[in-house]
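Here's entry.csv, which has CSV, N, CA, C and O atoms:
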```
chain,number,residue,atom,x,y,z
A,1,LYS,N,27.1,44.4,-75.8
A,1,LYS,CA,28.0,43.6,-75.0
A,1,LYS,C,29.4,44.2,-75.0
A,1,LYS,O,29.9,44.8,-76.0
A,2,GLU,N,30.1,44.0,-73.9
A,2,GLU,CA,31.4,44.4,-73.8
A,2,GLU,C,32.3,43.5,-74.7
A,2,GLU,O,32.1,42.3,-74.8
A,3,VAL,N,33.4,44.1,-75.2
A,3,VAL,CA,34.3,43.3,-76.0
A,3,VAL,C,35.4,42.9,-75.2
A,3,VAL,O,36.0,43.7,-74.5
A,4,LEU,N,35.8,41.6,-75.2
A,4,LEU,CA,36.9,41.1,-74.4
A,4,LEU,C,38.2,41.1,-75.3
A,4,LEU,O,38.1,40.9,-76.5
A,5,SER,N,39.3,41.4,-74.6
A,5,SER,CA,40.6,41.3,-75.3
A,5,SER,C,40.8,39.8,-75.7
A,5,SER,O,40.1,38.9,-75.2
A,6,GLU,N,41.8,39.6,-76.5
A,6,GLU,CA,42.2,38.2,-76.9
A,6,GLU,C,42.5,37.4,-75.7
A,6,GLU,O,42.1,36.3,-75.5
A,7,ASN,N,43.3,38.0,-74.8
A,7,ASN,CA,43.6,37.3,-73.5
A,7,ASN,C,42.4,37.0,-72.7
A,7,ASN,O,42.3,35.9,-72.1
A,8,GLU,N,41.6,38.0,-72.5
A,8,GLU,CA,40.3,37.8,-71.7
A,8,GLU,C,39.4,36.8,-72.3
A,8,GLU,O,38.8,36.0,-71.6
A,9,PHE,N,39.4,36.7,-73.6
A,9,PHE,CA,38.5,35.7,-74.3
A,9,PHE,C,39.1,34.3,-74.1
A,9,PHE,O,38.3,33.4,-73.9
A,10,ALA,N,40.4,34.2,-74.0
A,10,ALA,CA,41.0,32.9,-73.7
A,10,ALA,C,40.6,32.4,-72.3
A,10,ALA,O,40.2,31.3,-72.1
A,11,VAL,N,40.6,33.3,-71.4
A,11,VAL,CA,40.2,33.1,-70.0
A,11,VAL,C,38.7,32.7,-70.0
A,11,VAL,O,38.3,31.7,-69.4
A,12,PHE,N,37.9,33.5,-70.7
A,12,PHE,CA,36.4,33.3,-70.8
A,12,PHE,C,36.1,31.9,-71.3
A,12,PHE,O,35.3,31.2,-70.8
A,13,SER,N,36.9,31.5,-72.3
A,13,SER,CA,36.6,30.1,-72.9
A,13,SER,C,36.9,29.0,-71.9
A,13,SER,O,36.1,28.1,-71.8
A,14,LYS,N,38.0,29.2,-71.2
A,14,LYS,CA,38.3,28.2,-70.1
A,14,LYS,C,37.2,28.2,-69.0
A,14,LYS,O,36.8,27.1,-68.5
A,15,LEU,N,36.7,29.4,-68.7
A,15,LEU,CA,35.7,29.5,-67.7
A,15,LEU,C,34.4,28.8,-68.1
A,15,LEU,O,33.7,28.2,-67.3
A,16,ARG,N,34.1,28.9,-69.4
A,16,ARG,CA,32.9,28.3,-69.9
A,16,ARG,C,33.0,26.7,-69.8
A,16,ARG,O,32.1,26.1,-69.5
A,17,GLU,N,34.2,26.2,-70.1
A,17,GLU,CA,34.5,24.8,-69.9
A,17,GLU,C,34.2,24.4,-68.4
A,17,GLU,O,33.6,23.3,-68.2
A,18,CYS,N,34.7,25.2,-67.5
A,18,CYS,CA,34.6,24.9,-66.1
A,18,CYS,C,33.1,25.0,-65.7
A,18,CYS,O,32.6,24.1,-64.9
A,19,ARG,N,32.4,26.0,-66.2
A,19,ARG,CA,31.0,26.1,-65.9
A,19,ARG,C,30.2,24.9,-66.4
A,19,ARG,O,29.3,24.4,-65.7
A,20,LYS,N,30.5,24.4,-67.5
A,20,LYS,CA,29.8,23.2,-68.1
A,20,LYS,C,30.0,22.0,-67.1
A,20,LYS,O,29.1,21.2,-66.9
A,21,ILE,N,31.2,21.8,-66.6
A,21,ILE,CA,31.5,20.7,-65.7
A,21,ILE,C,30.7,20.9,-64.4
A,21,ILE,O,30.0,19.9,-64.0
A,22,ILE,N,30.6,22.1,-63.9
A,22,ILE,CA,29.8,22.3,-62.7
A,22,ILE,C,28.4,22.1,-62.9
A,22,ILE,O,27.7,21.4,-62.2
A,23,ALA,N,27.8,22.6,-64.1
A,23,ALA,CA,26.4,22.4,-64.4
A,23,ALA,C,26.1,20.9,-64.5
A,23,ALA,O,25.0,20.5,-64.1
A,24,THR,N,27.0,20.2,-65.2
A,24,THR,CA,26.7,18.7,-65.3
A,24,THR,C,26.7,18.1,-64.0
A,24,THR,O,25.8,17.3,-63.7
A,25,ASN,N,27.7,18.4,-63.1
A,25,ASN,CA,27.8,17.8,-61.8
A,25,ASN,C,26.6,18.1,-60.9
A,25,ASN,O,26.1,17.3,-60.1
A,26,GLU,N,26.1,19.3,-61.1
A,26,GLU,CA,25.0,19.8,-60.3
A,26,GLU,C,23.6,19.5,-60.9
A,26,GLU,O,22.6,19.8,-60.3
A,27,ALA,N,23.6,19.0,-62.1
A,27,ALA,CA,22.4,18.7,-62.9
A,27,ALA,C,21.5,19.9,-63.0
A,27,ALA,O,20.3,19.9,-62.8
A,28,ILE,N,22.1,21.1,-63.4
A,28,ILE,CA,21.4,22.3,-63.6
A,28,ILE,C,21.9,22.9,-64.9
A,28,ILE,O,23.0,22.6,-65.4
A,29,PRO,N,21.1,23.8,-65.5
A,29,PRO,CA,21.6,24.5,-66.8
A,29,PRO,C,22.8,25.3,-66.5
A,29,PRO,O,23.0,25.9,-65.4
A,30,ALA,N,23.7,25.4,-67.5
A,30,ALA,CA,24.9,26.2,-67.4
A,30,ALA,C,24.6,27.7,-66.9
A,30,ALA,O,25.3,28.2,-66.1
A,31,TYR,N,23.6,28.3,-67.5
A,31,TYR,CA,23.3,29.7,-67.2
A,31,TYR,C,22.9,29.8,-65.7
A,31,TYR,O,23.0,30.9,-65.2
A,32,ALA,N,22.5,28.8,-65.0
A,32,ALA,CA,22.1,28.9,-63.6
A,32,ALA,C,23.4,28.9,-62.8
A,32,ALA,O,23.3,29.3,-61.6
A,33,VAL,N,24.5,28.4,-63.3
A,33,VAL,CA,25.8,28.5,-62.6
A,33,VAL,C,26.3,30.0,-62.7
A,33,VAL,O,26.3,30.7,-61.7
A,34,PHE,N,26.7,30.3,-63.9
A,34,PHE,CA,27.1,31.7,-64.2
A,34,PHE,C,26.6,32.0,-65.6
A,34,PHE,O,26.8,31.1,-66.5
A,35,THR,N,26.1,33.2,-65.9
A,35,THR,CA,25.7,33.6,-67.3
A,35,THR,C,27.0,33.9,-68.0
A,35,THR,O,28.1,34.1,-67.4
A,36,ASP,N,26.9,34.0,-69.4
A,36,ASP,CA,28.0,34.4,-70.2
A,36,ASP,C,28.5,35.8,-69.8
A,36,ASP,O,29.7,36.1,-69.7
A,37,GLU,N,27.6,36.7,-69.4
A,37,GLU,CA,28.0,38.0,-69.0
A,37,GLU,C,28.8,38.0,-67.7
A,37,GLU,O,29.8,38.7,-67.6
A,38,GLU,N,28.3,37.2,-66.8
A,38,GLU,CA,29.1,37.0,-65.5
A,38,GLU,C,30.5,36.4,-65.8
A,38,GLU,O,31.5,36.9,-65.2
A,39,LEU,N,30.5,35.4,-66.6
A,39,LEU,CA,31.9,34.8,-67.0
A,39,LEU,C,32.8,35.9,-67.6
A,39,LEU,O,34.0,35.9,-67.3
A,40,ALA,N,32.2,36.7,-68.5
A,40,ALA,CA,33.0,37.8,-69.1
A,40,ALA,C,33.5,38.7,-68.0
A,40,ALA,O,34.7,39.1,-68.0
A,41,GLY,N,32.7,39.0,-67.0
A,41,GLY,CA,33.1,39.9,-65.9
A,41,GLY,C,34.2,39.2,-65.1
A,41,GLY,O,35.2,39.9,-64.7
A,42,ILE,N,34.1,37.9,-64.9
A,42,ILE,CA,35.2,37.2,-64.1
A,42,ILE,C,36.5,37.2,-64.9
A,42,ILE,O,37.5,37.4,-64.4
A,43,ALA,N,36.3,37.0,-66.3
A,43,ALA,CA,37.5,37.0,-67.1
A,43,ALA,C,38.3,38.3,-67.1
A,43,ALA,O,39.5,38.4,-67.3
A,44,LYS,N,37.6,39.4,-66.7
A,44,LYS,CA,38.2,40.7,-66.7
A,44,LYS,C,38.9,41.0,-65.3
A,44,LYS,O,39.6,42.0,-65.2
A,45,LEU,N,38.7,40.1,-64.3
A,45,LEU,CA,39.3,40.3,-63.0
A,45,LEU,C,40.8,40.2,-63.1
A,45,LEU,O,41.3,39.3,-63.9
A,46,PRO,N,41.6,40.9,-62.3
A,46,PRO,CA,43.0,40.8,-62.4
A,46,PRO,C,43.5,39.4,-62.0
A,46,PRO,O,44.5,38.9,-62.5
A,47,GLU,N,42.8,38.8,-61.0
A,47,GLU,CA,43.1,37.4,-60.7
A,47,GLU,C,41.8,36.7,-60.3
A,47,GLU,O,40.8,37.3,-59.8
A,48,ILE,N,41.6,35.4,-60.6
A,48,ILE,CA,40.4,34.7,-60.4
A,48,ILE,C,40.5,34.0,-59.0
A,48,ILE,O,41.1,32.9,-58.9
A,49,VAL,N,39.9,34.6,-58.0
A,49,VAL,CA,39.8,34.0,-56.7
A,49,VAL,C,38.4,34.1,-56.2
A,49,VAL,O,37.6,35.0,-56.5
A,50,ALA,N,38.0,33.1,-55.4
A,50,ALA,CA,36.6,33.0,-55.0
A,50,ALA,C,36.0,34.2,-54.3
A,50,ALA,O,34.9,34.6,-54.5
A,51,ASN,N,36.8,34.8,-53.4
A,51,ASN,CA,36.3,35.9,-52.6
A,51,ASN,C,36.2,37.2,-53.4
A,51,ASN,O,35.7,38.2,-52.9
A,52,LYS,N,36.6,37.2,-54.7
A,52,LYS,CA,36.4,38.4,-55.5
A,52,LYS,C,35.3,38.3,-56.5
A,52,LYS,O,34.9,39.2,-57.2
A,53,LEU,N,34.7,37.1,-56.7
A,53,LEU,CA,33.7,36.9,-57.7
A,53,LEU,C,32.4,37.7,-57.4
A,53,LEU,O,31.8,38.1,-58.4
A,54,SER,N,32.1,38.0,-56.2
A,54,SER,CA,30.9,38.8,-55.9
A,54,SER,C,31.1,40.3,-56.3
A,54,SER,O,30.1,41.0,-56.3
A,55,LEU,N,32.3,40.7,-56.7
A,55,LEU,CA,32.5,42.0,-57.3
A,55,LEU,C,32.0,42.1,-58.7
A,55,LEU,O,31.7,43.2,-59.2
A,56,VAL,N,31.7,41.0,-59.4
A,56,VAL,CA,31.2,41.0,-60.7
A,56,VAL,C,29.7,41.2,-60.7
A,56,VAL,O,29.0,40.6,-59.9
A,57,LYS,N,29.3,42.1,-61.6
A,57,LYS,CA,27.9,42.4,-61.7
A,57,LYS,C,27.0,41.2,-62.0
A,57,LYS,O,27.4,40.4,-62.8
A,58,GLY,N,26.0,41.0,-61.2
A,58,GLY,CA,25.1,39.8,-61.3
A,58,GLY,C,25.5,38.7,-60.4
A,58,GLY,O,24.6,37.8,-60.2
A,59,ILE,N,26.6,38.7,-59.8
A,59,ILE,CA,27.0,37.5,-58.9
A,59,ILE,C,26.9,38.0,-57.5
A,59,ILE,O,27.6,38.9,-57.0
A,60,GLY,N,25.9,37.4,-56.8
A,60,GLY,CA,25.7,37.7,-55.4
A,60,GLY,C,26.5,36.8,-54.5
A,60,GLY,O,27.2,35.9,-55.0
A,61,ASP,N,26.4,37.1,-53.2
A,61,ASP,CA,27.2,36.3,-52.3
A,61,ASP,C,26.8,34.9,-52.3
A,61,ASP,O,27.7,34.0,-52.2
A,62,LYS,N,25.5,34.6,-52.4
A,62,LYS,CA,25.1,33.2,-52.4
A,62,LYS,C,25.7,32.4,-53.6
A,62,LYS,O,26.2,31.3,-53.4
A,63,LYS,N,25.6,33.0,-54.8
A,63,LYS,CA,26.1,32.3,-56.0
A,63,LYS,C,27.6,32.2,-55.9
A,63,LYS,O,28.2,31.1,-56.2
A,64,ALA,N,28.3,33.2,-55.4
A,64,ALA,CA,29.7,33.1,-55.3
A,64,ALA,C,30.1,32.1,-54.3
A,64,ALA,O,31.1,31.3,-54.5
A,65,GLU,N,29.3,32.0,-53.2
A,65,GLU,CA,29.6,31.0,-52.1
A,65,GLU,C,29.4,29.6,-52.7
A,65,GLU,O,30.2,28.7,-52.4
A,66,LYS,N,28.3,29.4,-53.4
A,66,LYS,CA,27.9,28.1,-53.9
A,66,LYS,C,28.8,27.5,-55.0
A,66,LYS,O,29.2,26.4,-55.0
A,67,PHE,N,29.2,28.4,-56.0
A,67,PHE,CA,29.9,27.9,-57.1
A,67,PHE,C,31.3,28.5,-57.3
A,67,PHE,O,32.1,28.0,-58.1
A,68,GLY,N,31.6,29.5,-56.5
A,68,GLY,CA,32.9,30.2,-56.7
A,68,GLY,C,34.1,29.4,-56.5
A,68,GLY,O,35.0,29.4,-57.4
A,69,GLN,N,34.2,28.7,-55.4
A,69,GLN,CA,35.4,27.9,-55.2
A,69,GLN,C,35.6,26.7,-56.2
A,69,GLN,O,36.6,26.4,-56.7
A,70,MET,N,34.4,26.1,-56.6
A,70,MET,CA,34.4,25.1,-57.6
A,70,MET,C,35.0,25.6,-58.9
A,70,MET,O,35.8,25.0,-59.6
A,71,LEU,N,34.5,26.8,-59.3
A,71,LEU,CA,35.0,27.4,-60.5
A,71,LEU,C,36.5,27.8,-60.5
A,71,LEU,O,37.2,27.4,-61.4
A,72,VAL,N,36.9,28.3,-59.4
A,72,VAL,CA,38.3,28.7,-59.2
A,72,VAL,C,39.2,27.4,-59.3
A,72,VAL,O,40.2,27.4,-60.0
A,73,ASP,N,38.8,26.4,-58.6
A,73,ASP,CA,39.6,25.1,-58.6
A,73,ASP,C,39.6,24.5,-60.0
A,73,ASP,O,40.7,24.0,-60.4
A,74,LEU,N,38.5,24.4,-60.6
A,74,LEU,CA,38.5,23.9,-62.0
A,74,LEU,C,39.3,24.7,-62.9
A,74,LEU,O,40.1,24.2,-63.8
A,75,TYR,N,39.2,26.0,-62.8
A,75,TYR,CA,40.0,26.9,-63.7
A,75,TYR,C,41.5,26.7,-63.4
A,75,TYR,O,42.3,26.6,-64.4
A,76,ALA,N,41.9,26.6,-62.2
A,76,ALA,CA,43.3,26.3,-61.9
A,76,ALA,C,43.8,25.0,-62.5
A,76,ALA,O,44.9,24.9,-63.0
A,77,SER,N,42.9,24.0,-62.4
A,77,SER,CA,43.3,22.7,-62.9
A,77,SER,C,43.4,22.7,-64.5
A,77,SER,O,44.3,22.1,-65.1
A,78,LYS,N,42.5,23.5,-65.1
A,78,LYS,CA,42.6,23.7,-66.6
A,78,LYS,C,43.9,24.4,-66.9
A,78,LYS,O,44.6,24.0,-67.9
A,79,LEU,N,44.3,25.4,-66.1
A,79,LEU,CA,45.6,26.1,-66.4
A,79,LEU,C,46.8,25.1,-66.3
A,79,LEU,O,47.7,25.1,-67.1
A,80,SER,N,46.8,24.3,-65.2
A,80,SER,CA,47.9,23.4,-65.0
A,80,SER,C,47.9,22.3,-66.1
A,80,SER,O,48.9,21.8,-66.5
A,81,GLU,N,46.7,21.9,-66.6
A,81,GLU,CA,46.6,20.9,-67.8
A,81,GLU,C,47.4,21.5,-68.9
A,81,GLU,O,48.1,20.8,-69.6
A,82,ASN,N,47.1,22.8,-69.2
A,82,ASN,CA,47.8,23.5,-70.4
A,82,ASN,C,49.3,23.6,-70.2
A,82,ASN,O,50.0,23.4,-71.1
A,83,GLU,N,49.7,23.8,-69.0
A,83,GLU,CA,51.2,23.8,-68.7
A,83,GLU,C,51.8,22.5,-69.0
A,83,GLU,O,52.9,22.4,-69.5
A,84,THR,N,51.2,21.4,-68.6
A,84,THR,CA,51.8,20.1,-68.8
A,84,THR,C,51.7,19.6,-70.2
A,84,THR,O,52.5,18.7,-70.5
A,85,THR,N,50.9,20.2,-71.0
A,85,THR,CA,50.8,19.7,-72.4
A,85,THR,C,51.7,20.5,-73.3
A,85,THR,O,51.7,20.2,-74.5
A,86,ARG,N,52.4,21.4,-72.8
A,86,ARG,CA,53.4,22.2,-73.6
A,86,ARG,C,54.7,21.5,-73.8
A,86,ARG,O,55.2,20.8,-73.1
```

Spell out the structure here as structure tokens.
Amino acid sequence: KEVLSENEFAVFSKLRECRKIIATNEAIPAYAVFTDEELAGIAKLPEIVANKLSLVKGIGDKKAEKFGQMLVDLYASKLSENETTR
């Protein structure tokens, strides 16, 4: 497995929270949304935007289209939650 930097791991952790919300809302297993490996790939992207998710190994256009915007929106809301709690 690739090793994530401390910063990338923090992003990865937030992405996992977002994935869990999507999986719960869609009533599917979390790995069916994005695998840990895919989330790690997303965490390494310079910026997390829906139209770039299909650049990550394992994420096809259909998966990016179905879950990408939800993940990006939830991630942005998690970031803004952190800003307001400081």

> Counting all atoms listed in the file, which of A:Ile28, A:Leu53, A:Ala64, A:Ile48 gets nearest to Ala76 (chain A)?
Replying inline: A:Ile48

>> Taking only chain A into account, list the residues labelled helix (DSSP H, G or I) by DSSP (computed from the backbone), as an MDAnalysis selection string.
In response: chainID A and resid 6:26 30:33 36:43 50:55 61:84

> Please, what distance in Å, to one decimal, runs between atom O of Asn82 (chain A) and atom N of Pro46 (chain A)?
Replying inline: 21.3 Å

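Distances here use all atoms listed in the file; by that measure, the residue among A:Glu47, A:Ala40, A:Ala10, A:Glu17 closest to Leu74 (chain A) is A:Glu17.
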
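The closest residue to Ala23 (chain A), picked from A:Ser77, A:Asp61, A:Ile42, A:Met70 and counting only C-alpha atoms, is A:Met70.
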
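Closest approach to Lys66 (chain A) among A:Val33, A:Ile21, A:Ala27, A:Leu4: A:Val33, based on all atoms listed in the file.
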
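Interatomic distance, atom O of Val72 (chain A) to atom O of Lys14 (chain A): 9.2 Å.
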
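If you look at atom C of Ala30 (chain A) and atom O of Glu65 (chain A), they are 15.6 Å away from each other.
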
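Near Lys63 (chain A), within 7 Å and counting only N, CA, C and O atoms, sit Ala32, Val33, Ile59, Phe67, Gly68 and Gln69 of chain A; same-chain residues fewer than 4 positions away were not included.
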
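Minimum atom-to-atom distances from A:Leu79, A:Leu55, A:Leu71, A:Leu15 to Leu39 (chain A) were compared using all atoms listed in the file, and the lowest value belongs to A:Leu15.
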
> Of the candidates A:Gly41, A:Glu26, A:Ser54, A:Cys18, which shows the shortest atom-to-atom distance to Asp73 (chain A), using all atoms listed in the file?
Replying inline: A:Cys18
